[in-house]
Structure formats: C-alpha cells, structure tokens
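Report on the following structure.
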Number of protein chains: 2
Amino acid sequence: MISASINRDTVAGWDAADPLRPFREEFDLPDSVIYLDGNSLGARPKAALPRLLQILDEEWGRDLIAGWTRHDWTGMPERIGTRIAKLIGAGAGEVTVADSTSINLFKALCAARQLAAPRREILAVADDFPTNLHIAQGVARIFPDVRLRILGKAALPAALGPDTAAVMMTQANFRTGELHDMADITARVQRHGALMIWDLSHTAGVLPIALNGCHVDLAVGCGYKYLNGGPGAPAYLFVAERHQTAIDPPLSGWMGHAAPFDFDPVYKPAPGIRRHLAGTPAVLSLAALETGIAIAERADLVLVREKSRRMGELFVARMKPLLESGAFRPGSPAGADQRGSQICFLHADAARLMQRLAQDNVIGDFRPPDVMRFGFAPLYNRYVEVWDAVEMIRKMAG
Amino acid sequence: MISASINRDTVAGWDAADPLRPFREEFDLPDSVIYLDGNSLGARPKAALPRLLQILDEEWGRDLIAGWTRHDWTGMPERIGTRIAKLIGAGAGEVTVADSTSINLFKALCAARQLAAPRREILAVADDFPTNLHIAQGVARIFPDVRLRILGKAALPAALGPDTAAVMMTQANFRTGELHDMADITARVQRHGALMIWDLSHTAGVLPIALNGCHVDLAVGCGYKYLNGGPGAPAYLFVAERHQTAIDPPLSGWMGHAAPFDFDPVYKPAPGIRRHLAGTPAVLSLAALETGIAIAERADLVLVREKSRRMGELFVARMKPLLESGAFRPGSPAGADQRGSQICFLHADAARLMQRLAQDNVIGDFRPPDVMRFGFAPLYNRYVEVWDAVEMIRKMAG
C-alpha cells in the first residue's frame, strides 16, 4: 500500500533509486509528453534509427538480393523468435515471428482444431480483444465442424467438457487490465483434455511469463506494445515443441516449406516451427522489432513487474479522492496482482477527458464506451509521470 | 530485330536517347554492379531513406500513438492500394495492401471458392511459382469440397468445365518469363462460368496491365520486385468491385471490420475492399513500399515495356553465338511479345556460372536445376549493362 502522505518529491526519489532508470535513455521519447500508452504502441528504441539506416543503405541498397543470405534476412523470423522465446518462457525453436497477431491466431486456432480432433468446441471469453473473437468467428465459418462459444470468464470452468477442443484467452484484458492466471487456467483446461491458447499481446515484455512452465500449448502476441517494435510490427507464434510435427499449417506458403529454395511444386512442411511461416519475411519491420527485443531482453522482468505494479498502485492511491467522490469509477481489479501493466477508470465523459489530457500531453487511450486507460511501460515511464498525470486529471475534474 | 553489326557504342547511344534515363537517379544503386535481378528484389528508391527517417523520427518517435490518425497510418493500405490500382488497370477501392502475396492468394482462393459455389475445382498450372501451388494445396486441405488440379498450361483449355470454380495463374512465369495472355485466358475461363485469379508479381510495374479491361475477377501481387518496395514488402489484393460485398473474408481480423475502433465483439465486414485486411498495418514496410510506387506511377508503362522488350532482344542477340554453339540453350519463349521482363538460359553448370558472374558483379538468379535468369528493370537498368553482362558470360564461356 502506498501511504497517503507521500508527495511528488517522494516519488521523484523512487525514480532516482529505480534500477531500471537507465533504460529510458534507450528510447527516443519526447520529454514534453507523459506517455502512458505503451500498451497501444510502444515508444521508439533509439537503435531503430541506425538499424533501419543500415538495412536501407547497406543491406538492401548495396547488397540487394544478396542480403537474404549475407545478412541472414531469411533467418530473421527464427532468430527474433528465439529472442522473444526467452522473454516468454519458451524454448529456442518454439517461436517464430511473421505476419500479424490476427493471422497468427488463425494459425493457432486451426492447429488446435487439428490437434484436438475430434473435439470441436472452441471457447473464448466475451471481453477478449475484438480481433481475436473476429478471427475465431472466421475459423468457425470456415470449418463447419467447429463450434465457437463466447462466454463470460466466470462461465468458463463449467463450460469445459469432453467436446472442448481449445480455450483461447488474452493474458491481460485489453480494457480492464485484468490478469488471468496462466498456470491455473491452462491446467484446468488441459485436465479436460483441451488445448490452451494464450494471447500475450498485453503482457509480453512487462512481466515474467512461463509458457513452458505452465505447459501452454499455443500462444501468439504482438510486437508493437511492450516489445516496442514499431507501428504494425510483426507478431509471433509459439507452438510447444511436443505439437510441432503434427500440425498441417493452413497458410502453407513457401517460407514454411522444408526447402523453399528447391522450388518444389509440392508443399512439404519444414520440420519445426518454421512451417508456420507463409510469405517472404518483412525485413524492414522485423529489423525495427529486433531493436525493441534487444532492449527488453536486457531487463530483469521481475524488476519490470515490480515497478509496473507500484506504478499502478501509485495511480490508484492518487486517484483515491476522485474515486471516493464518485467522479470516477474504478474499471480494473483492485489488487495489483490481478492487473497487468495498465489501469482504467470509468467516466461518462471519458472520450472528451482523454482528448483534453492529450492536449496537455498526457497520452492514454479511450476505449468505448466510457473507459480511460493508462498503460505503464517501466522501461521508459517514470513514477513522477504517473504523479503528474493524475494531477492533471484532478485539475480537470476539479 | 537487332542488327548483328551493333557495338557497345551503339548501345550506349540508346541509353543516351532513353526517355526513361532520368529514373535511374531515383534509385540508390551501386555503379559497380550490373543488377539484373530486379525481378527478385527491386533496387532501393533513394526516397525510402528520408521517408523511413521521417516515420521513425517524427511520426513514431514524436507523435507515438497519434500517428495512426495524424499521419493516416490507418489509411495506408487503401491509399497505397489506390496508387497500385492505377498501375494495374484497377479502380480506386479495388486494391488493398497488406500481408504477403501468399496470404493474399489464400484470401483470393477462398473468395473464389465462395463466389463460384457450388463449383468446386480449382485449376493451377504446374510450373507456377511454388508458393502459389503450396497455398492452393493448403486451401484444398482446409475445404474438403475443393478439388485442386495442377496441370500443364496446354491442358488448361480442355480442363475447363462446369465444375471449374477458378483458374489461378501468374501472368509471367517466374522461371521462363513466359507471358500469358490475360485477356484471352480470362475470357476463356469466364466463358465456362469460372473465375480468373492472376498473380501479377512478375509483371506489375514493368508492363501495362488492364485488370478491369480484361474483366479479371481477383488478383494478387508482391511489392518487392518491379515495385521496388523493399525486402518482404507488403503485397496487394485486387477484388473486382462487382464481387466485393459477396465475400466473407476467411482471415476476418479487426482491420477488416466495418468499424474497427468500436471494438465490437461481433465481426461485421467493412463494405468494400477493406474487409480483406486482417491485422494492424505494417507501417514501416508500407512506407518504404509507397516510395517505390511513387516512382513507378510517374513512368509511362508503354515506354517501360518497350525498353524491357528491347533489352530482352539485345540479350538474345548477343547470346547468339553461345546459343548456336550449343553452349547454352534458350529457356524463354523466342518472341519478345511472349516474354515478361526477364529472360533465361539453360546450362548444366548454371549454379556455378551464376556464382562466377556474381563475383564479377553481374547479378542474376539461379533457379534449379539449370536456369540462369536475368531480369530487366527499365527504370534503372541500362542497355550497356545488358551488353556488358553478356560480354562477361561470353568471356566465362570462352
């Protein structure tokens, strides 16, 4: 709990003592902005600029087609995948990077359908990120044998049964930040003989994740939030090693072929995770993503999580008068352990308030209908930014 | 026909008089290299560098999440799609840019299956680019009602029948460069009540294409060949306006939703071409691609085609002694009208020869088992480069 008697200096002291403080220097983030939206789009790693210059000038510009081998562009999905694997508790050869989160979720759902056959029900939670539900709806339209059930989280345990093929969930809810218990839910789902698919978009890079420790089957995640990969960065797919050879990829493009440069007209899937690649790797976007990953992998995720929790607690403590007066309602779970790295508050006029905050350079997100959402990216956010952001809200509400 | 009595000066004169000559200045291409591989990876537009700097420094770095609206990142797939549409004879709102060619072909094949139901046969040609066949094989695995038949081009007309749903072809064969007659083939296919899907990867930007003039149903193409969009650039999808509202996208992600930012849990497809988007646009890669498109759209494609034909004829004329001696065999159609913007020769030792050429800075492609392939990108290639490349081959063979 954070004492009511603290002041801005106290909080500035936390920043001064913060072991993660040097990381801020690795991002090109304007000092005029309080950016609490790293859960929508992470800040730009300084290293992205020289890296992209290098790719443009030397690798593409000078070496042209030879870049594919000379600079191992071909190996980027697997190389970056292996670096992401370390951040999410997966092994080398279990993660690949390509396409968007939506496309990777499509691959994961098709894989789960195949692995769990003849089970045919996919369970999803009603307040999952919309694209996840949309993609699952698409899978259910394609495969007449798939039945998609979308239900409240509370109804999930009772819905598990002998026909459940897979359950899909985002580890932290995009709106409320509610953090789901990966170990417990995965175990429950697997006790019923079903597969568990996690979306790590809102948690990777901001808290320790143990995919293999929790015996997860499949996972996806995006590169542009806490991994700081840039707008529309490539996403990643995790497939537990035990499942890999059994899966027929639905999007069976040449980069997933066992030998792409043999130009074999008959598709033969690559032995491992690479079979989930389809088209040619998006080299420029991958290169930017890799600079974000290179920062995250040097951070101690236990410290990152600790700081993120404390930022959330500070936000709540400072919002207390506004919550007690009823001007705002809490939108996130009360305990820091039950939240990811974000917090939200509800207000009938949320859209306008977030706009006004933005005019004052406090950047968060509005989510319909009434959600004011703030994310904490401990690698570049400071405790005083949280302090100042709430001061701004208090002034606006005052 | 090119006279046997020409010399290098004659050819240098053609360059001096070439109306497309100024375009070379728009590419950052080392003068030490004879780059005849623009059909694998186009050269880098000079403008890609400042544009990426702008995106990294200002748009992402300074404006962060606001980039999506302030710099219209959200509108990039449609904006760039409309610019590509003009290069391929399509209308505004008929082309969108996202994902890879493989993924877009998946969308096109699924769309054709739906539009042509209850017809169930998809026809493909045996020497099509492998990823196209691989993706079609994937579609046939997913949909038990789809029957994929892969046959030689000559067998195609007789294979068309009342059960043909769609025919898929690449306009210019990736290996031989053979150019297929879009108008004639599309008309034949449609006379049988089937749909025609063209892959424009090897032709867009290098010859005039009239998708709507030929009444084509669906098309895809890649951004990194003659469109010079960079390694792994996003690809595009064309859907004729008449078909758009009837298609249920299989990869139904949030960016294809009628109102993505309403965060509606139920997928409702956008009215037009946008429904074929799935995940978040890859902004960095799209920005690089747009600089390539911006060059192509200022070129007269009739002149581009004329120069490309002449380059092919020059290559063949200069290869004549080597072909007559039997040292090399022709691998492409004999007439310039029957070829795209590339030419190939067959030699048992092709792999090693291409390597030796590369050591001397003449860059083409080896394609198994015995193909030496050279592409002509009239916006930056010069006639003397063709002359010098063949000189090098003659020396090597001599």
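In the structure tokens, chains take the letters A, B, ... in the order shown, each chain's residues start at 1, and ligands count up from 1 in the order shown.
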
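Neighbours of B:Leu41 closer than or equal to 9 Å, with only C-alpha atoms counted and sequence neighbours fewer than 2 positions away skipped, come out as Trp60, Leu64 and Ile65 of chain A; Asp37, Gly38, Asn39, Ala43, Tyr224, Lys225, Tyr226, Asn228, Gly229, Gly230, Pro231 and Gly232 of chain B.
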
For the residues in that selection, give me all heavy atoms as an mmCIF file, in the first residue's frame.
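Saved as result26.cif:
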```cif
data_model
loop_
_atom_site.group_PDB
_atom_site.id
_atom_site.type_symbol
_atom_site.label_atom_id
_atom_site.label_comp_id
_atom_site.auth_asym_id
_atom_site.auth_seq_id
_atom_site.Cartn_x
_atom_site.Cartn_y
_atom_site.Cartn_z
ATOM 1 N N TRP A 60 20.086 -3.514 -48.097
ATOM 2 C CA TRP A 60 19.250 -3.507 -49.290
ATOM 3 C C TRP A 60 19.926 -2.692 -50.389
ATOM 4 O O TRP A 60 20.122 -3.177 -51.506
ATOM 5 C CB TRP A 60 17.852 -2.965 -48.957
ATOM 6 C CG TRP A 60 16.910 -2.787 -50.110
ATOM 7 C CD1 TRP A 60 16.990 -3.349 -51.355
ATOM 8 C CD2 TRP A 60 15.725 -1.971 -50.127
ATOM 9 N NE1 TRP A 60 15.924 -2.937 -52.130
ATOM 10 C CE2 TRP A 60 15.143 -2.097 -51.403
ATOM 11 C CE3 TRP A 60 15.110 -1.147 -49.181
ATOM 12 C CZ2 TRP A 60 13.963 -1.428 -51.748
ATOM 13 C CZ3 TRP A 60 13.929 -0.480 -49.525
ATOM 14 C CH2 TRP A 60 13.370 -0.628 -50.801
ATOM 15 N N LEU A 64 21.657 -5.631 -52.109
ATOM 16 C CA LEU A 64 20.497 -6.042 -52.905
ATOM 17 C C LEU A 64 20.085 -7.480 -52.596
ATOM 18 O O LEU A 64 19.990 -7.841 -51.423
ATOM 19 C CB LEU A 64 20.825 -5.805 -54.395
ATOM 20 C CG LEU A 64 21.046 -4.310 -54.734
ATOM 21 C CD1 LEU A 64 22.101 -4.096 -55.789
ATOM 22 C CD2 LEU A 64 19.721 -3.688 -55.171
ATOM 23 N N ILE A 65 19.884 -8.284 -53.600
ATOM 24 C CA ILE A 65 19.360 -9.643 -53.390
ATOM 25 C C ILE A 65 20.259 -10.475 -52.459
ATOM 26 O O ILE A 65 19.777 -11.362 -51.744
ATOM 27 C CB ILE A 65 19.178 -10.362 -54.750
ATOM 28 C CG1 ILE A 65 18.404 -11.678 -54.587
ATOM 29 C CG2 ILE A 65 20.508 -10.620 -55.449
ATOM 30 C CD1 ILE A 65 16.940 -11.496 -54.256
ATOM 31 N N ASP B 37 18.451 -8.340 -61.477
ATOM 32 C CA ASP B 37 17.688 -9.178 -60.565
ATOM 33 C C ASP B 37 16.563 -8.399 -59.890
ATOM 34 O O ASP B 37 16.100 -8.759 -58.804
ATOM 35 C CB ASP B 37 18.630 -9.779 -59.504
ATOM 36 C CG ASP B 37 18.127 -11.121 -59.001
ATOM 37 O OD1 ASP B 37 17.096 -11.604 -59.533
ATOM 38 O OD2 ASP B 37 18.747 -11.680 -58.086
ATOM 39 N N GLY B 38 16.133 -7.364 -60.564
ATOM 40 C CA GLY B 38 15.018 -6.572 -60.046
ATOM 41 C C GLY B 38 13.727 -7.353 -59.998
ATOM 42 O O GLY B 38 12.755 -6.958 -59.353
ATOM 43 N N ASN B 39 13.710 -8.498 -60.684
ATOM 44 C CA ASN B 39 12.536 -9.364 -60.631
ATOM 45 C C ASN B 39 12.567 -10.266 -59.388
ATOM 46 O O ASN B 39 11.604 -10.981 -59.113
ATOM 47 C CB ASN B 39 12.408 -10.205 -61.910
ATOM 48 C CG ASN B 39 13.696 -10.916 -62.254
ATOM 49 O OD1 ASN B 39 14.787 -10.438 -61.939
ATOM 50 N ND2 ASN B 39 13.588 -12.056 -62.905
ATOM 51 N N ALA B 43 15.594 -2.553 -56.677
ATOM 52 C CA ALA B 43 16.586 -1.665 -56.066
ATOM 53 C C ALA B 43 15.912 -0.692 -55.097
ATOM 54 O O ALA B 43 14.706 -0.520 -55.115
ATOM 55 C CB ALA B 43 17.332 -0.898 -57.148
ATOM 56 N N TYR B 224 7.850 -6.236 -53.806
ATOM 57 C CA TYR B 224 9.307 -6.062 -53.715
ATOM 58 C C TYR B 224 10.063 -6.355 -54.993
ATOM 59 O O TYR B 224 11.292 -6.366 -54.983
ATOM 60 C CB TYR B 224 9.871 -6.898 -52.562
ATOM 61 C CG TYR B 224 9.506 -8.369 -52.525
ATOM 62 C CD1 TYR B 224 10.145 -9.274 -53.355
ATOM 63 C CD2 TYR B 224 8.543 -8.842 -51.650
ATOM 64 C CE1 TYR B 224 9.822 -10.615 -53.313
ATOM 65 C CE2 TYR B 224 8.210 -10.190 -51.598
ATOM 66 C CZ TYR B 224 8.852 -11.065 -52.424
ATOM 67 O OH TYR B 224 8.528 -12.395 -52.383
ATOM 68 N N LYS B 225 9.352 -6.597 -56.091
ATOM 69 C CA LYS B 225 10.044 -6.828 -57.360
ATOM 70 C C LYS B 225 10.095 -5.508 -58.132
ATOM 71 O O LYS B 225 10.817 -4.601 -57.733
ATOM 72 C CB LYS B 225 9.359 -7.961 -58.112
ATOM 73 C CG LYS B 225 9.448 -9.303 -57.355
ATOM 74 C CD LYS B 225 8.761 -10.425 -58.119
ATOM 75 C CE LYS B 225 8.676 -11.701 -57.303
ATOM 76 N NZ LYS B 225 9.992 -12.368 -57.143
ATOM 77 N N TYR B 226 9.322 -5.405 -59.209
ATOM 78 C CA TYR B 226 9.399 -4.192 -60.017
ATOM 79 C C TYR B 226 8.729 -2.987 -59.368
ATOM 80 O O TYR B 226 8.735 -1.905 -59.923
ATOM 81 C CB TYR B 226 8.790 -4.447 -61.398
ATOM 82 C CG TYR B 226 9.516 -5.504 -62.204
ATOM 83 C CD1 TYR B 226 8.894 -6.700 -62.544
ATOM 84 C CD2 TYR B 226 10.818 -5.297 -62.639
ATOM 85 C CE1 TYR B 226 9.550 -7.663 -63.290
ATOM 86 C CE2 TYR B 226 11.486 -6.264 -63.388
ATOM 87 C CZ TYR B 226 10.839 -7.444 -63.713
ATOM 88 O OH TYR B 226 11.491 -8.393 -64.457
ATOM 89 N N ASN B 228 9.653 -2.172 -56.301
ATOM 90 C CA ASN B 228 10.782 -1.647 -55.518
ATOM 91 C C ASN B 228 10.420 -1.260 -54.082
ATOM 92 O O ASN B 228 10.870 -0.238 -53.564
ATOM 93 C CB ASN B 228 11.407 -0.441 -56.256
ATOM 94 C CG ASN B 228 11.814 -0.799 -57.681
ATOM 95 O OD1 ASN B 228 12.632 -1.693 -57.878
ATOM 96 N ND2 ASN B 228 11.230 -0.157 -58.669
ATOM 97 N N GLY B 229 9.619 -2.094 -53.442
ATOM 98 C CA GLY B 229 9.134 -1.791 -52.102
ATOM 99 C C GLY B 229 10.028 -2.272 -50.971
ATOM 100 O O GLY B 229 9.716 -2.026 -49.801
ATOM 101 N N GLY B 230 11.101 -2.974 -51.280
ATOM 102 C CA GLY B 230 11.997 -3.444 -50.220
ATOM 103 C C GLY B 230 11.757 -4.897 -49.862
ATOM 104 O O GLY B 230 10.682 -5.438 -50.118
ATOM 105 N N PRO B 231 12.788 -5.522 -49.246
ATOM 106 C CA PRO B 231 12.716 -6.962 -48.951
ATOM 107 C C PRO B 231 11.506 -7.330 -48.081
ATOM 108 O O PRO B 231 11.360 -6.824 -46.977
ATOM 109 C CB PRO B 231 14.037 -7.238 -48.220
ATOM 110 C CG PRO B 231 14.567 -5.898 -47.803
ATOM 111 C CD PRO B 231 14.041 -4.911 -48.771
ATOM 112 N N GLY B 232 10.659 -8.208 -48.615
ATOM 113 C CA GLY B 232 9.471 -8.620 -47.872
ATOM 114 C C GLY B 232 8.410 -7.548 -47.785
ATOM 115 O O GLY B 232 7.586 -7.561 -46.869
#
```

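Once B:Arg119 and its same-chain neighbours fewer than 2 positions away are set aside, Arg113, Ala116, Ala117, Glu121, Pro162, Asp163, Thr164 and Ala165 of chain B remain within 8 Å of it when counting only C-alpha atoms.
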
Inset, instruction - Write down as a PyMOL selection string the residues of stretch 3-169 of chain B whose backbone DSSP state falls under helix (DSSP H, G or I). - result: chain B and resi 8-17+21-26+48-60+64-70+73-87+101-116+130-142+153-159

Inset, instruction - Excluding A:Lys153 and residues on its chain fewer than 5 positions from it, collect all residues at most 12 Å away from it, counting only C-alpha atoms, and give them as a PyMOL selection string. - result: chain A and resi 123-128+158-160+167-170+173+178-181+185

Please list as a PDB file with N, CA and C atoms, in the first residue's frame every residue within 8 Å of B:Ala219, counting only C-alpha atoms and excluding residues in the same chain fewer than 6 positions away.
```pdb
ATOM      1  N   LEU B 105      -3.113 -14.560 -51.629  1.00  0.00           N
ATOM      2  CA  LEU B 105      -3.600 -15.598 -52.538  1.00  0.00           C
ATOM      3  C   LEU B 105      -4.563 -16.526 -51.797  1.00  0.00           C
ATOM      4  N   ALA B 108      -7.753 -14.783 -51.851  1.00  0.00           N
ATOM      5  CA  ALA B 108      -8.356 -14.800 -53.186  1.00  0.00           C
ATOM      6  C   ALA B 108      -8.954 -16.168 -53.500  1.00  0.00           C
ATOM      7  N   ILE B 197      -8.090 -15.778 -61.445  1.00  0.00           N
ATOM      8  CA  ILE B 197      -7.203 -15.146 -60.455  1.00  0.00           C
ATOM      9  C   ILE B 197      -5.814 -14.999 -61.071  1.00  0.00           C
ATOM     10  N   TRP B 198      -5.333 -13.778 -61.145  1.00  0.00           N
ATOM     11  CA  TRP B 198      -3.994 -13.541 -61.675  1.00  0.00           C
ATOM     12  C   TRP B 198      -3.030 -13.141 -60.571  1.00  0.00           C
ATOM     13  N   ASP B 199      -1.820 -13.653 -60.674  1.00  0.00           N
ATOM     14  CA  ASP B 199      -0.733 -13.186 -59.817  1.00  0.00           C
ATOM     15  C   ASP B 199       0.146 -12.273 -60.676  1.00  0.00           C
ATOM     16  N   LEU B 200       0.251 -11.014 -60.256  1.00  0.00           N
ATOM     17  CA  LEU B 200       0.955 -10.010 -61.056  1.00  0.00           C
ATOM     18  C   LEU B 200       2.374  -9.756 -60.551  1.00  0.00           C
ATOM     19  N   LEU B 237      -3.887  -7.060 -52.907  1.00  0.00           N
ATOM     20  CA  LEU B 237      -5.008  -7.903 -53.331  1.00  0.00           C
ATOM     21  C   LEU B 237      -5.967  -7.036 -54.127  1.00  0.00           C
ATOM     22  N   PHE B 238      -6.354  -7.523 -55.299  1.00  0.00           N
ATOM     23  CA  PHE B 238      -7.392  -6.871 -56.110  1.00  0.00           C
ATOM     24  C   PHE B 238      -8.642  -7.727 -56.066  1.00  0.00           C
ATOM     25  N   VAL B 239      -9.754  -7.098 -55.769  1.00  0.00           N
ATOM     26  CA  VAL B 239     -11.057  -7.776 -55.878  1.00  0.00           C
ATOM     27  C   VAL B 239     -11.945  -6.879 -56.726  1.00  0.00           C
TER      28      VAL B 239
END
```

Inset, instruction - To one decimal in Å, tell me the separation between atom CA of A:Arg318 and atom CA of A:Ala172. - result: 23.1 Å

Inset, instruction - Would you mind listing what lies within 9 Å of A:Leu314 as a ChimeraX atom specification, with only C-alpha atoms counted and same-chain residues fewer than 4 positions away left out? - result: /A:1-2,309-310,318-319,383,386-387

Inset, instruction - Go through A:Ala348, A:Ala334, A:Val206, A:Ala233 one by one, measure the shortest atom-to-atom distance of each to chain B using only C-alpha atoms, and give the residue with the smallest value. - result: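 Looking at the shortest contact to chain B, the residue is A:Ala233.
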
Inset, instruction - Measure the distance from atom CA of B:Val316 to atom CA of B:Gly335 in Å and round it to one decimal. - result: 10.1 Å

Legend entry - B:Phe143 surroundings by only C-alpha atoms, 8 Å radius, close-in-sequence under 4 positions cut, as a PyMOL selection string: (chain A and resi 142-143) or (chain B and resi 139)

Legend entry - Nearest residue to A:Arg24 from the set A:Ala204, A:Ala296, A:Ala351, A:Ala259 (distances using only C-alpha atoms):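 The shortest atom-to-atom distance to A:Arg24 comes from A:Ala296.
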
Inset, instruction - Would you kindly return, as a list in words, each protein, DNA or RNA residue with an atom no farther than 9 Å from any atom of B:Gly331, considering only C-alpha atoms and excluding same-chain residues fewer than 4 positions away? - result: Arg175, Thr176, Gly177, Ile343, Cys344, Phe345, Leu346, Val371, Met372 and Arg373 of chain B
